[in-house]
Each structure stands twice: as C-alpha cells, then as structure tokens.
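Pasted below: my_file_6.csv, CSV, C-alpha atoms and all ligand atoms.
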chain,number,residue,atom,x,y,z
A,1,MET,CA,-21.6,-4.7,7.0
A,2,ARG,CA,-20.8,-6.5,3.7
A,3,VAL,CA,-17.4,-5.5,2.2
A,4,LEU,CA,-16.6,-6.4,-1.3
A,5,VAL,CA,-12.8,-6.5,-1.9
A,6,PHE,CA,-11.1,-6.4,-5.3
A,7,GLY,CA,-8.0,-8.5,-4.9
A,8,LYS,CA,-7.5,-11.8,-3.1
A,9,SER,CA,-3.9,-13.0,-3.3
A,10,GLY,CA,-2.1,-9.7,-2.8
A,11,GLN,CA,-0.4,-8.7,0.5
A,12,VAL,CA,-3.2,-6.5,1.7
A,13,ALA,CA,-6.0,-8.5,0.2
A,14,THR,CA,-4.8,-11.7,1.9
A,15,GLU,CA,-5.1,-9.8,5.3
A,16,LEU,CA,-8.6,-8.4,4.3
A,17,ASP,CA,-9.7,-12.0,3.5
A,18,LYS,CA,-9.3,-12.9,7.2
A,19,TYR,CA,-12.3,-10.7,8.2
A,20,ASP,CA,-15.8,-12.2,8.3
A,21,GLU,CA,-17.3,-9.1,6.7
A,22,THR,CA,-15.2,-9.4,3.5
A,23,THR,CA,-15.7,-11.2,0.2
A,24,CYS,CA,-12.5,-11.1,-1.9
A,25,LEU,CA,-12.5,-11.3,-5.6
A,26,ASP,CA,-9.5,-12.8,-7.4
A,27,ARG,CA,-8.4,-11.9,-10.9
A,28,ALA,CA,-10.6,-14.5,-12.5
A,29,ALA,CA,-13.7,-12.9,-10.8
A,30,ALA,CA,-12.7,-9.4,-11.7
A,31,ASP,CA,-9.8,-8.6,-14.0
A,32,LEU,CA,-8.8,-4.9,-13.6
A,33,ALA,CA,-7.4,-5.1,-17.1
A,34,SER,CA,-11.0,-5.2,-18.2
A,35,PRO,CA,-12.5,-1.9,-16.8
A,36,ALA,CA,-16.1,-2.4,-18.1
A,37,ALA,CA,-16.3,-5.9,-16.6
A,38,CYS,CA,-15.1,-4.6,-13.2
A,39,ALA,CA,-17.7,-1.8,-13.3
A,40,GLU,CA,-20.3,-4.4,-14.1
A,41,VAL,CA,-19.3,-6.3,-10.9
A,42,VAL,CA,-19.8,-3.2,-8.9
A,43,ALA,CA,-23.1,-2.5,-10.6
A,44,ASN,CA,-24.4,-5.9,-9.6
A,45,CYS,CA,-22.8,-6.5,-6.2
A,46,GLU,CA,-24.6,-6.7,-2.9
A,47,ALA,CA,-22.0,-4.8,-0.9
A,48,ASP,CA,-22.3,-2.0,1.6
A,49,VAL,CA,-18.7,-0.9,1.1
A,50,ILE,CA,-16.1,-1.6,-1.6
A,51,ILE,CA,-12.4,-1.8,-1.0
A,52,ASN,CA,-10.0,-1.9,-4.0
A,53,ALA,CA,-6.9,-3.8,-2.9
A,54,ALA,CA,-5.9,-4.9,-6.4
A,55,ALA,CA,-3.3,-3.0,-8.4
A,56,TYR,CA,-0.5,-3.2,-10.9
A,57,THR,CA,2.3,-2.9,-8.3
A,58,ALA,CA,5.4,-3.9,-10.4
A,59,VAL,CA,7.0,-0.5,-10.1
A,60,ASP,CA,9.9,-1.1,-12.6
A,61,ASP,CA,7.8,-3.1,-15.1
A,62,ALA,CA,5.3,-0.1,-15.3
A,63,GLU,CA,8.1,2.0,-16.9
A,64,SER,CA,7.9,-0.2,-20.0
A,65,ASP,CA,4.2,-1.1,-19.8
A,66,GLU,CA,2.4,2.1,-18.7
A,67,ILE,CA,-0.6,1.2,-20.9
A,68,THR,CA,-1.4,-1.9,-18.8
A,69,ALA,CA,-0.6,-0.2,-15.6
A,70,THR,CA,-2.9,2.7,-16.5
A,71,MET,CA,-5.7,0.3,-17.4
A,72,VAL,CA,-5.4,-1.5,-14.0
A,73,ASN,CA,-4.6,1.5,-11.7
A,74,ALA,CA,-6.5,4.3,-13.3
A,75,THR,CA,-9.1,3.3,-16.0
A,76,SER,CA,-10.6,0.4,-14.0
A,77,VAL,CA,-10.5,2.4,-10.8
A,78,ARG,CA,-12.3,5.3,-12.3
A,79,MET,CA,-15.0,3.1,-13.8
A,80,MET,CA,-15.5,1.1,-10.6
A,81,ALA,CA,-15.7,4.3,-8.6
A,82,GLU,CA,-18.3,5.7,-11.0
A,83,ALA,CA,-20.4,2.5,-10.7
A,84,ALA,CA,-20.1,2.7,-6.9
A,85,ALA,CA,-21.1,6.4,-7.0
A,86,HIS,CA,-24.1,5.6,-9.1
A,87,ARG,CA,-25.3,3.2,-6.4
A,88,ASP,CA,-24.1,5.4,-3.4
A,89,ILE,CA,-21.7,2.6,-2.2
A,90,PRO,CA,-18.6,4.0,-0.5
A,91,PHE,CA,-15.4,3.2,-2.4
A,92,ILE,CA,-12.2,2.8,-0.5
A,93,HIS,CA,-9.0,2.7,-2.4
A,94,ILE,CA,-5.3,2.2,-1.6
A,95,SER,CA,-2.7,4.5,-3.0
A,96,THR,CA,0.9,5.2,-2.5
A,97,ASP,CA,3.7,7.5,-1.3
A,98,TYR,CA,5.0,7.2,-4.9
A,99,VAL,CA,2.6,9.9,-6.0
A,100,PHE,CA,5.1,12.3,-4.4
A,101,ASP,CA,8.5,13.3,-5.9
A,102,GLY,CA,10.4,12.6,-2.7
A,103,SER,CA,11.9,16.1,-2.4
A,104,GLY,CA,12.7,17.7,1.0
A,105,THR,CA,12.6,16.1,4.4
A,106,ASP,CA,9.2,17.1,5.8
A,107,PRO,CA,6.5,14.5,6.0
A,108,TRP,CA,4.0,14.8,3.1
A,109,THR,CA,0.6,16.0,4.1
A,110,THR,CA,-2.6,15.2,2.2
A,111,GLU,CA,-2.6,18.9,1.1
A,112,ASP,CA,0.7,18.5,-0.7
A,113,PHE,CA,0.6,18.3,-4.5
A,114,PRO,CA,1.6,15.0,-6.0
A,115,ALA,CA,4.3,14.9,-8.7
A,116,PRO,CA,5.1,11.3,-9.4
A,117,LEU,CA,8.7,10.4,-10.5
A,118,GLY,CA,7.7,7.3,-12.5
A,119,ALA,CA,5.0,5.5,-14.5
A,120,TYR,CA,3.6,3.5,-11.5
A,121,GLY,CA,3.1,6.7,-9.4
A,122,ARG,CA,1.5,8.5,-12.4
A,123,THR,CA,-1.0,5.7,-12.9
A,124,LYS,CA,-1.8,5.6,-9.2
A,125,TYR,CA,-2.3,9.3,-9.1
A,126,LYS,CA,-4.6,9.1,-12.1
A,127,GLY,CA,-6.6,6.5,-10.2
A,128,GLU,CA,-7.0,8.8,-7.3
A,129,GLN,CA,-8.2,11.6,-9.6
A,130,GLY,CA,-10.7,9.2,-11.2
A,131,ILE,CA,-12.2,8.4,-7.8
A,132,VAL,CA,-12.6,12.1,-6.9
A,133,ASP,CA,-14.1,12.9,-10.3
A,134,ALA,CA,-16.6,10.0,-10.0
A,135,GLY,CA,-18.4,12.2,-7.4
A,136,GLY,CA,-19.4,9.4,-5.0
A,137,ARG,CA,-18.4,8.7,-1.4
A,138,TYR,CA,-14.8,7.7,-1.2
A,139,GLY,CA,-11.7,7.3,1.0
A,140,ILE,CA,-8.2,7.0,-0.5
A,141,LEU,CA,-5.6,5.6,1.9
A,142,ARG,CA,-2.0,6.3,0.8
A,143,THR,CA,0.5,3.9,2.3
A,144,SER,CA,4.1,2.9,1.9
A,145,TRP,CA,6.7,0.1,2.0
A,146,VAL,CA,4.2,-2.7,2.5
A,147,PHE,CA,5.4,-6.0,4.1
A,148,SER,CA,3.7,-9.2,5.1
A,149,ALA,CA,4.3,-13.0,5.3
A,150,HIS,CA,2.8,-13.3,1.8
A,151,GLY,CA,3.9,-12.2,-1.7
A,152,ASN,CA,7.1,-10.3,-2.6
A,153,ASN,CA,8.4,-7.7,-0.2
A,154,PHE,CA,11.5,-6.3,1.3
A,155,VAL,CA,11.3,-8.5,4.5
A,156,LYS,CA,11.1,-11.7,2.5
A,157,THR,CA,13.9,-10.6,0.2
A,158,MET,CA,16.2,-9.7,3.2
A,159,LEU,CA,15.5,-13.0,4.8
A,160,ARG,CA,16.4,-14.9,1.6
A,161,LEU,CA,19.6,-12.8,1.0
A,162,GLY,CA,20.5,-12.9,4.7
A,163,GLY,CA,20.4,-16.6,4.6
A,164,GLU,CA,22.7,-16.7,1.6
A,165,ARG,CA,25.3,-14.0,2.3
A,166,ASP,CA,27.1,-12.5,5.3
A,167,ALA,CA,27.4,-8.9,3.9
A,168,LEU,CA,24.9,-6.8,1.9
A,169,SER,CA,24.8,-3.2,0.6
A,170,ILE,CA,21.5,-1.5,1.4
A,171,VAL,CA,20.1,1.9,0.3
A,172,ASP,CA,20.2,4.4,3.2
A,173,ASP,CA,19.0,7.6,1.7
A,174,GLN,CA,15.4,6.7,1.0
A,175,ILE,CA,13.3,7.4,4.2
A,176,GLY,CA,9.8,6.1,4.8
A,177,GLY,CA,7.4,4.2,7.0
A,178,PRO,CA,7.4,0.4,6.6
A,179,THR,CA,3.8,-0.7,6.9
A,180,ALA,CA,2.5,-4.2,7.7
A,181,ALA,CA,-0.3,-5.4,5.4
A,182,HIS,CA,-2.3,-6.5,8.5
A,183,ASP,CA,-2.1,-3.0,9.9
A,184,ILE,CA,-3.3,-1.6,6.5
A,185,ALA,CA,-6.2,-4.1,6.4
A,186,SER,CA,-7.2,-3.1,10.0
A,187,ALA,CA,-7.1,0.6,9.1
A,188,LEU,CA,-9.2,-0.1,5.9
A,189,MET,CA,-11.8,-2.0,8.0
A,190,VAL,CA,-12.1,0.9,10.5
A,191,MET,CA,-12.6,3.3,7.5
A,192,ALA,CA,-15.2,0.9,6.0
A,193,GLN,CA,-17.2,0.8,9.2
A,194,ALA,CA,-17.1,4.6,9.4
A,195,TYR,CA,-18.3,5.0,5.8
A,196,TYR,CA,-20.9,2.3,6.4
A,197,GLU,CA,-22.2,4.3,9.3
A,198,GLY,CA,-22.3,7.5,7.1
A,199,MET,CA,-19.5,9.1,9.1
A,200,GLY,CA,-16.4,8.9,6.9
A,201,PRO,CA,-15.7,12.2,5.1
A,202,ASN,CA,-14.6,11.9,1.5
A,203,GLY,CA,-10.8,12.5,1.3
A,204,VAL,CA,-7.3,11.3,0.9
A,205,TYR,CA,-5.6,9.9,4.0
A,206,HIS,CA,-2.1,8.9,4.9
A,207,PHE,CA,-1.1,5.8,6.8
A,208,SER,CA,2.4,4.3,7.4
A,209,GLY,CA,4.3,2.6,10.2
A,210,GLU,CA,6.4,4.5,12.6
A,211,PRO,CA,9.2,5.5,13.2
A,212,ASP,CA,10.3,6.6,9.7
A,213,ALA,CA,13.4,4.7,8.7
A,214,SER,CA,15.8,4.0,5.8
A,215,TRP,CA,15.8,0.7,4.0
A,216,ALA,CA,19.2,0.0,5.7
A,217,ASP,CA,17.5,0.7,9.1
A,218,PHE,CA,14.7,-1.6,8.2
A,219,ALA,CA,17.1,-4.4,7.1
A,220,THR,CA,19.1,-4.0,10.3
A,221,GLU,CA,15.9,-4.6,12.4
A,222,ILE,CA,14.9,-7.6,10.2
A,223,PHE,CA,18.3,-9.2,10.7
A,224,ASP,CA,18.3,-8.4,14.5
A,225,GLN,CA,14.8,-9.9,15.0
A,226,SER,CA,15.7,-13.0,12.9
A,227,ASP,CA,19.1,-13.6,14.6
A,228,LEU,CA,20.9,-13.3,11.2
A,229,ASN,CA,24.4,-12.0,11.3
A,230,VAL,CA,24.7,-9.8,8.2
A,231,ASN,CA,27.2,-6.9,7.8
A,232,ILE,CA,25.3,-4.0,6.2
A,233,THR,CA,27.0,-1.4,4.1
A,234,ARG,CA,24.8,1.7,3.8
A,235,ILE,CA,24.8,3.1,0.2
A,236,PRO,CA,23.1,6.0,-1.6
A,237,SER,CA,20.3,5.2,-4.1
A,238,GLU,CA,22.6,6.1,-7.0
A,239,LYS,CA,24.7,3.0,-6.3
A,240,PHE,CA,21.5,0.8,-6.7
A,241,PRO,CA,20.0,2.0,-10.0
A,242,THR,CA,16.5,0.8,-10.9
A,243,PRO,CA,14.4,1.3,-14.0
A,244,ALA,CA,12.0,3.5,-12.1
A,245,PRO,CA,13.4,6.2,-9.8
A,246,ARG,CA,12.4,6.0,-6.2
A,247,PRO,CA,11.4,9.0,-4.0
A,248,LEU,CA,14.0,9.8,-1.4
A,249,ASN,CA,11.5,11.3,1.0
A,250,SER,CA,8.5,9.0,1.6
A,251,ARG,CA,7.7,10.3,5.1
A,252,MET,CA,4.0,10.8,5.4
A,253,ASP,CA,2.0,13.0,7.8
A,254,CYS,CA,-0.7,10.7,9.1
A,255,GLU,CA,-2.4,13.2,11.4
A,256,THR,CA,-5.6,13.6,9.4
A,257,THR,CA,-6.1,9.9,9.5
A,258,ARG,CA,-5.8,9.9,13.3
A,259,GLN,CA,-8.1,12.9,13.7
A,260,THR,CA,-10.8,11.5,11.3
A,261,PHE,CA,-10.9,7.8,12.1
A,262,GLY,CA,-8.9,7.5,15.3
A,263,ILE,CA,-6.3,5.4,13.4
A,264,TYR,CA,-2.8,5.7,14.8
A,265,ARG,CA,0.5,5.0,13.1
A,266,PRO,CA,1.4,1.4,14.1
A,267,ASN,CA,5.0,0.7,15.3
A,268,TRP,CA,6.4,-1.3,12.4
A,269,ARG,CA,9.0,-3.1,14.6
A,270,ASP,CA,6.1,-4.7,16.6
A,271,SER,CA,4.3,-5.5,13.4
A,272,LEU,CA,7.5,-7.0,12.0
A,273,LYS,CA,7.7,-9.4,14.9
A,274,ILE,CA,4.2,-10.6,14.1
A,275,VAL,CA,5.1,-11.2,10.5
A,276,LEU,CA,8.3,-13.0,11.3
A,277,ASP,CA,6.4,-15.2,13.8
A,278,GLU,CA,3.9,-16.0,11.0
A,279,LEU,CA,6.7,-16.9,8.6
A,280,ASN,CA,8.3,-19.1,11.2
A,281,ALA,CA,5.0,-20.8,12.0
A,282,ASP,CA,4.5,-21.4,8.2
A,283,LYS,CA,8.0,-23.0,8.1
A,284,GLY,CA,7.4,-25.4,10.7
B,301,LIG,N1,3.7,-3.1,-2.0
B,301,LIG,C1,4.0,-1.9,-1.6
B,301,LIG,O1,5.1,-1.6,-1.0
B,301,LIG,C2,3.0,-0.7,-1.7
B,301,LIG,C3,3.4,0.6,-1.2
B,301,LIG,C4,2.4,1.6,-1.3
B,301,LIG,C5,1.2,1.4,-1.8
B,301,LIG,N2,0.8,0.1,-2.2
B,301,LIG,C6,-0.5,-0.1,-2.7
B,301,LIG,O2,-1.2,-1.0,-1.8
B,301,LIG,C7,-2.1,-1.8,-2.5
B,301,LIG,C8,-2.0,-3.2,-2.2
B,301,LIG,O3,-0.6,-3.6,-2.5
B,301,LIG,P1,0.0,-5.0,-2.2
B,301,LIG,O4,1.3,-4.9,-1.8
B,301,LIG,O5,-1.0,-5.8,-1.4
B,301,LIG,O6,0.0,-5.6,-3.7
B,301,LIG,P2,0.5,-7.0,-4.2
B,301,LIG,O7,0.8,-7.9,-3.1
B,301,LIG,O8,1.4,-6.7,-5.3
B,301,LIG,O9,-0.9,-7.6,-4.9
B,301,LIG,C9,-1.5,-6.9,-5.9
B,301,LIG,C10,-2.8,-7.6,-6.1
B,301,LIG,O10,-3.4,-7.0,-7.3
B,301,LIG,C11,-3.9,-8.1,-8.1
B,301,LIG,N3,-3.9,-7.7,-9.5
B,301,LIG,C12,-2.9,-7.2,-10.2
B,301,LIG,N4,-3.3,-7.0,-11.5
B,301,LIG,C13,-4.6,-7.4,-11.5
B,301,LIG,C14,-5.6,-7.4,-12.5
B,301,LIG,N5,-5.3,-7.1,-13.8
B,301,LIG,N6,-6.8,-7.8,-12.2
B,301,LIG,C15,-7.1,-8.2,-10.9
B,301,LIG,N7,-6.2,-8.2,-9.9
B,301,LIG,C16,-5.0,-7.8,-10.2
B,301,LIG,C17,-2.9,-9.2,-7.9
B,301,LIG,O11,-3.5,-10.4,-8.3
B,301,LIG,P3,-2.7,-11.6,-8.7
B,301,LIG,O12,-2.2,-12.3,-7.5
B,301,LIG,O13,-3.6,-12.4,-9.5
B,301,LIG,O14,-1.5,-11.1,-9.6
B,301,LIG,C18,-2.7,-9.1,-6.4
B,301,LIG,O15,-3.8,-9.7,-5.7
B,301,LIG,C19,-2.0,-1.4,-4.0
B,301,LIG,O16,-2.9,-0.5,-4.3
B,301,LIG,C20,-0.6,-0.8,-4.0
B,301,LIG,O17,-0.5,0.2,-5.1
B,301,LIG,C21,1.7,-0.9,-2.1
Would it be possible to restate this file's structure as structure tokens?
Amino acid sequence: MRVLVFGKSGQVATELDKYDETTCLDRAAADLASPAACAEVVANCEADVIINAAAYTAVDDAESDEITATMVNATSVRMMAEAAAHRDIPFIHISTDYVFDGSGTDPWTTEDFPAPLGAYGRTKYKGEQGIVDAGGRYGILRTSWVFSAHGNNFVKTMLRLGGERDALSIVDDQIGGPTAAHDIASALMVMAQAYYEGMGPNGVYHFSGEPDASWADFATEIFDQSDLNVNITRIPSEKFPTPAPRPLNSRMDCETTRQTFGIYRPNWRDSLKIVLDELNADKG
C-alpha cells in the first residue's frame, strides 16, 4: 500500500512519516493555499490512498484571516477530494471537535449536526462537506486536543510554564479527550488499510483519547508524570478569554470507529507517558 500524505512537519504528519508506506509532502511540495496545485498533485500521484494531515490550525488567527483558513481547510480539501474521486483513490481527512458548538454534556455522535462556534471550525466543517460532495471514497476522522513531542501543543506549553512557575490557573470547564498524534497516525493507517482493501465505508468517524478530562485534569497529569510541583487553580473559560470561543463540551462518541475499523479509544495517560519519554530522550 502506498499512502500519500499532505503535511510533513505537523504533529500528526510527523508521526505518519514514521511508517514505511507513507510519502509525506511538505508545504514546498504542496501548498494548500494553492488549491489547483494540490489537485494537480493528486491527479498525478501514484498513491493507493491519500491522507490529508495538513491544515490551517491556528484557531485564534483564523478569526481575523478566515479567507486563508478557508482556502487551506476547505477549498483545497474539496479540490483534492474531487481529484481523488476522479481517480477512485480513497481520501482520508482529519477534522475536529470544533465543528460542534460544545453544548450539553453528552458525547457528540457522528449523527449530531455541526454548528461551529468560530472561523476555524467553520472552515473545517466546509472541508468535510467538500469531501462528501466530491462523491468519491472517503473517511473523515474527527479528533481533539492533539499532543505530541513535536510542534506546539498543551503538553509542551505546560512543561514550559511548569518549569517557570509554581502556580498556574487552568481552565476546568472545557471537557474533551486528549489525543496523542501517534495514536491518530495509527488509527489513520488502520483506516487506510481498510480503504485499500475496499472495506472502509464512506463516513465521518470520531476518535479521541479516554477518559474525557478538563484541561486542568490534563495539566495535573502532565505535572504528576513529570515530577513538577505546580499548584493548579481551576478556572472557568470566561476567566481565560481567547479571540475564538472554545466549545465547553468536546466529548466524542467513538463507537462507530470501533465497530467499523476495530479502533479503540487509547488511554491518553499511557500515551502521555510515551510522549514525555520521547521529549526526555530528545533532551538528553
Ligand atoms: N492540534 C489539535 O489540537 C487538533 C485538534 C483537532 C483536530 N486537529 C486536526 O488534526 C490535523 C492535524 O493537526 P496537527 O495538530 O498535526 O497540526 P499542526 O501540528 O498544526 O500542523 C499543521 C500542518 O499543516 C501544514 N500546513 C499549514 N498550512 C499549510 C499550507 N498552506 N500548505 C501546506 N501545509 C500547510 C503545516 O505545515 P508547516 O509546518 O509548513 O506550517 C503543518 O505540517 C488537522 O487537520 C487539524 O485540523 C488538530
């Protein structure tokens, strides 16, 4: 199986790059701000399956630059999916819990209707719709709260702040599933194999680490596993305003993903240990 991956340096793309079956394209090889060029790459590639792991992920910046975010997260995605459909190549795409408005406390199912709160979520949802409309074979994996030893993420921010301060205020009313990039990559490769074998049904799937937790719970575990002594004050989101509003409820029902692909929710505490070990190995 030959898997062409859009993205190379991102958290998930870095993990996909570790598989022998993948060829990962960086921004110089495929700039998603140029939709026609990306469609051209798909039209001429020799892949059996395509995974799109590139995206405009700067949630707050998207509020003031929705045009670029739309180009990268929606226009390019639609044109790549159309080019893949034309050649009957399965197109696997990563989406987000931010397509939901965060209301209620029940886990979101794949049947629930998206209602994004901000520009980033809107552009990601448009990307999903473009893939469905393209009419080819596809799988959309919505995930949440991604962390890894690479790039910018909550774990690395907490390690930095925890090394500088002995007390922090952390949001405690947003609940979701922290998800390691290496677990997402593994899930994507299982899906890729299924589509390659003609067995993956078209659809939207949910995938996040368990158990669901708040950012404060996540920070507590990061500090515990890192032997950092930090006093955490649990605060509501309104005390930590951001340009883009965040959904309070990011719990996702991942049952369809298990039933369809045999992919289980990974325990994020175990995955955190792997990431911390990787960061420690890099240090020294
Ligand atoms: N991070 C999260 O917490 C989170 C949560 C839910 C869903 N997701 C979704 O998961 C997927 C992977 O996210 P991630 O955390 O791995 O993202 P990331 O670490 O922010 O990486 C994004 C990747 O996209 C690439 N990219 C951005 N603009 C591009 C462009 N114009 N052309 C080509 N490449 C471009 C970046 O390349 P450069 O390195 O060149 O900038 C980078 O490789 C995305 O679809 C994201 O929406 C993420």
Residue among A:Leu272, A:Ala36, A:Val41, A:Leu141 lying closest to Asn202 (chain A), counting all atoms listed in the file: A:Leu141
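Distance annotation: of A:Ala81, A:Leu228, A:Val59, A:Leu32, the residue with the minimal separation from Glu128 (chain A) is A:Ala81; atom set is all atoms listed in the file.
If you look at atom N3 of ligand LIG 301 (chain B) and CA of Met189 (chain A), they are 20.0 Å away from each other.
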Give the residue list for ligand LIG 301 (chain B) at 8 Å, counting all atoms listed in the file, as a PDB file with C-alpha atoms, in the coordinates of the input, sorted by chain and then by residue number.
ATOM      1  CA  PHE A   6     -11.100  -6.400  -5.300  1.00  0.00           C
ATOM      2  CA  GLY A   7      -8.000  -8.500  -4.900  1.00  0.00           C
ATOM      3  CA  LYS A   8      -7.500 -11.800  -3.100  1.00  0.00           C
ATOM      4  CA  SER A   9      -3.900 -13.000  -3.300  1.00  0.00           C
ATOM      5  CA  GLY A  10      -2.100  -9.700  -2.800  1.00  0.00           C
ATOM      6  CA  GLN A  11      -0.400  -8.700   0.500  1.00  0.00           C
ATOM      7  CA  VAL A  12      -3.200  -6.500   1.700  1.00  0.00           C
ATOM      8  CA  ALA A  13      -6.000  -8.500   0.200  1.00  0.00           C
ATOM      9  CA  THR A  14      -4.800 -11.700   1.900  1.00  0.00           C
ATOM     10  CA  ASP A  26      -9.500 -12.800  -7.400  1.00  0.00           C
ATOM     11  CA  ARG A  27      -8.400 -11.900 -10.900  1.00  0.00           C
ATOM     12  CA  ALA A  28     -10.600 -14.500 -12.500  1.00  0.00           C
ATOM     13  CA  ALA A  30     -12.700  -9.400 -11.700  1.00  0.00           C
ATOM     14  CA  ASP A  31      -9.800  -8.600 -14.000  1.00  0.00           C
ATOM     15  CA  LEU A  32      -8.800  -4.900 -13.600  1.00  0.00           C
ATOM     16  CA  ALA A  33      -7.400  -5.100 -17.100  1.00  0.00           C
ATOM     17  CA  SER A  34     -11.000  -5.200 -18.200  1.00  0.00           C
ATOM     18  CA  ASN A  52     -10.000  -1.900  -4.000  1.00  0.00           C
ATOM     19  CA  ALA A  53      -6.900  -3.800  -2.900  1.00  0.00           C
ATOM     20  CA  ALA A  54      -5.900  -4.900  -6.400  1.00  0.00           C
ATOM     21  CA  ALA A  55      -3.300  -3.000  -8.400  1.00  0.00           C
ATOM     22  CA  TYR A  56      -0.500  -3.200 -10.900  1.00  0.00           C
ATOM     23  CA  THR A  57       2.300  -2.900  -8.300  1.00  0.00           C
ATOM     24  CA  ALA A  58       5.400  -3.900 -10.400  1.00  0.00           C
ATOM     25  CA  VAL A  72      -5.400  -1.500 -14.000  1.00  0.00           C
ATOM     26  CA  ASN A  73      -4.600   1.500 -11.700  1.00  0.00           C
ATOM     27  CA  HIS A  93      -9.000   2.700  -2.400  1.00  0.00           C
ATOM     28  CA  ILE A  94      -5.300   2.200  -1.600  1.00  0.00           C
ATOM     29  CA  SER A  95      -2.700   4.500  -3.000  1.00  0.00           C
ATOM     30  CA  THR A  96       0.900   5.200  -2.500  1.00  0.00           C
ATOM     31  CA  ASP A  97       3.700   7.500  -1.300  1.00  0.00           C
ATOM     32  CA  TYR A  98       5.000   7.200  -4.900  1.00  0.00           C
ATOM     33  CA  LYS A 124      -1.800   5.600  -9.200  1.00  0.00           C
ATOM     34  CA  ARG A 142      -2.000   6.300   0.800  1.00  0.00           C
ATOM     35  CA  THR A 143       0.500   3.900   2.300  1.00  0.00           C
ATOM     36  CA  SER A 144       4.100   2.900   1.900  1.00  0.00           C
ATOM     37  CA  TRP A 145       6.700   0.100   2.000  1.00  0.00           C
ATOM     38  CA  VAL A 146       4.200  -2.700   2.500  1.00  0.00           C
ATOM     39  CA  PHE A 147       5.400  -6.000   4.100  1.00  0.00           C
ATOM     40  CA  HIS A 150       2.800 -13.300   1.800  1.00  0.00           C
ATOM     41  CA  GLY A 151       3.900 -12.200  -1.700  1.00  0.00           C
ATOM     42  CA  ASN A 152       7.100 -10.300  -2.600  1.00  0.00           C
ATOM     43  CA  ASN A 153       8.400  -7.700  -0.200  1.00  0.00           C
ATOM     44  CA  ALA A 181      -0.300  -5.400   5.400  1.00  0.00           C
TER      45      ALA A 181
END
Polymer residues at most 8 Å from Thr23 (chain A), only C-alpha atoms, same-chain spacing of 6 or more positions, as a PyMOL selection string: chain A and resi 2-5+17
Spatial neighbours of Asp166 (chain A), 12 Å, all atoms listed in the file, chain gap at least 6 places, as a VMD selection string: chain A and resid 158 to 160 223 228 to 233
Nearest residue to Phe207 (chain A) from the set A:Glu255, A:Asp172, A:Glu221, A:Glu164 (distances using only C-alpha atoms): A:Glu255
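All residues of protein, DNA or RNA that reach within 12 Å of Asp65 (chain A), judged by all atoms listed in the file and not counting those fewer than 2 positions away in the chain, are A:Tyr56, A:Thr57, A:Ala58, A:Val59, A:Asp60, A:Asp61, A:Ala62, A:Glu63, A:Ile67, A:Thr68, A:Ala69, A:Thr70, A:Met71, A:Val72, A:Gly118, A:Ala119, A:Tyr120, A:Thr123, A:Pro243, A:Ala244.
Between CA of His182 (chain A) and CA of Asp277 (chain A) lies a distance of 13.4 Å.
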Protein/DNA/RNA residues near (8.7, -17.7, 10.0), cut 12 Å, all atoms listed in the file, as number ranges by chain: A: 148-150, 155-156, 159-160, 222, 225-226, 272-284
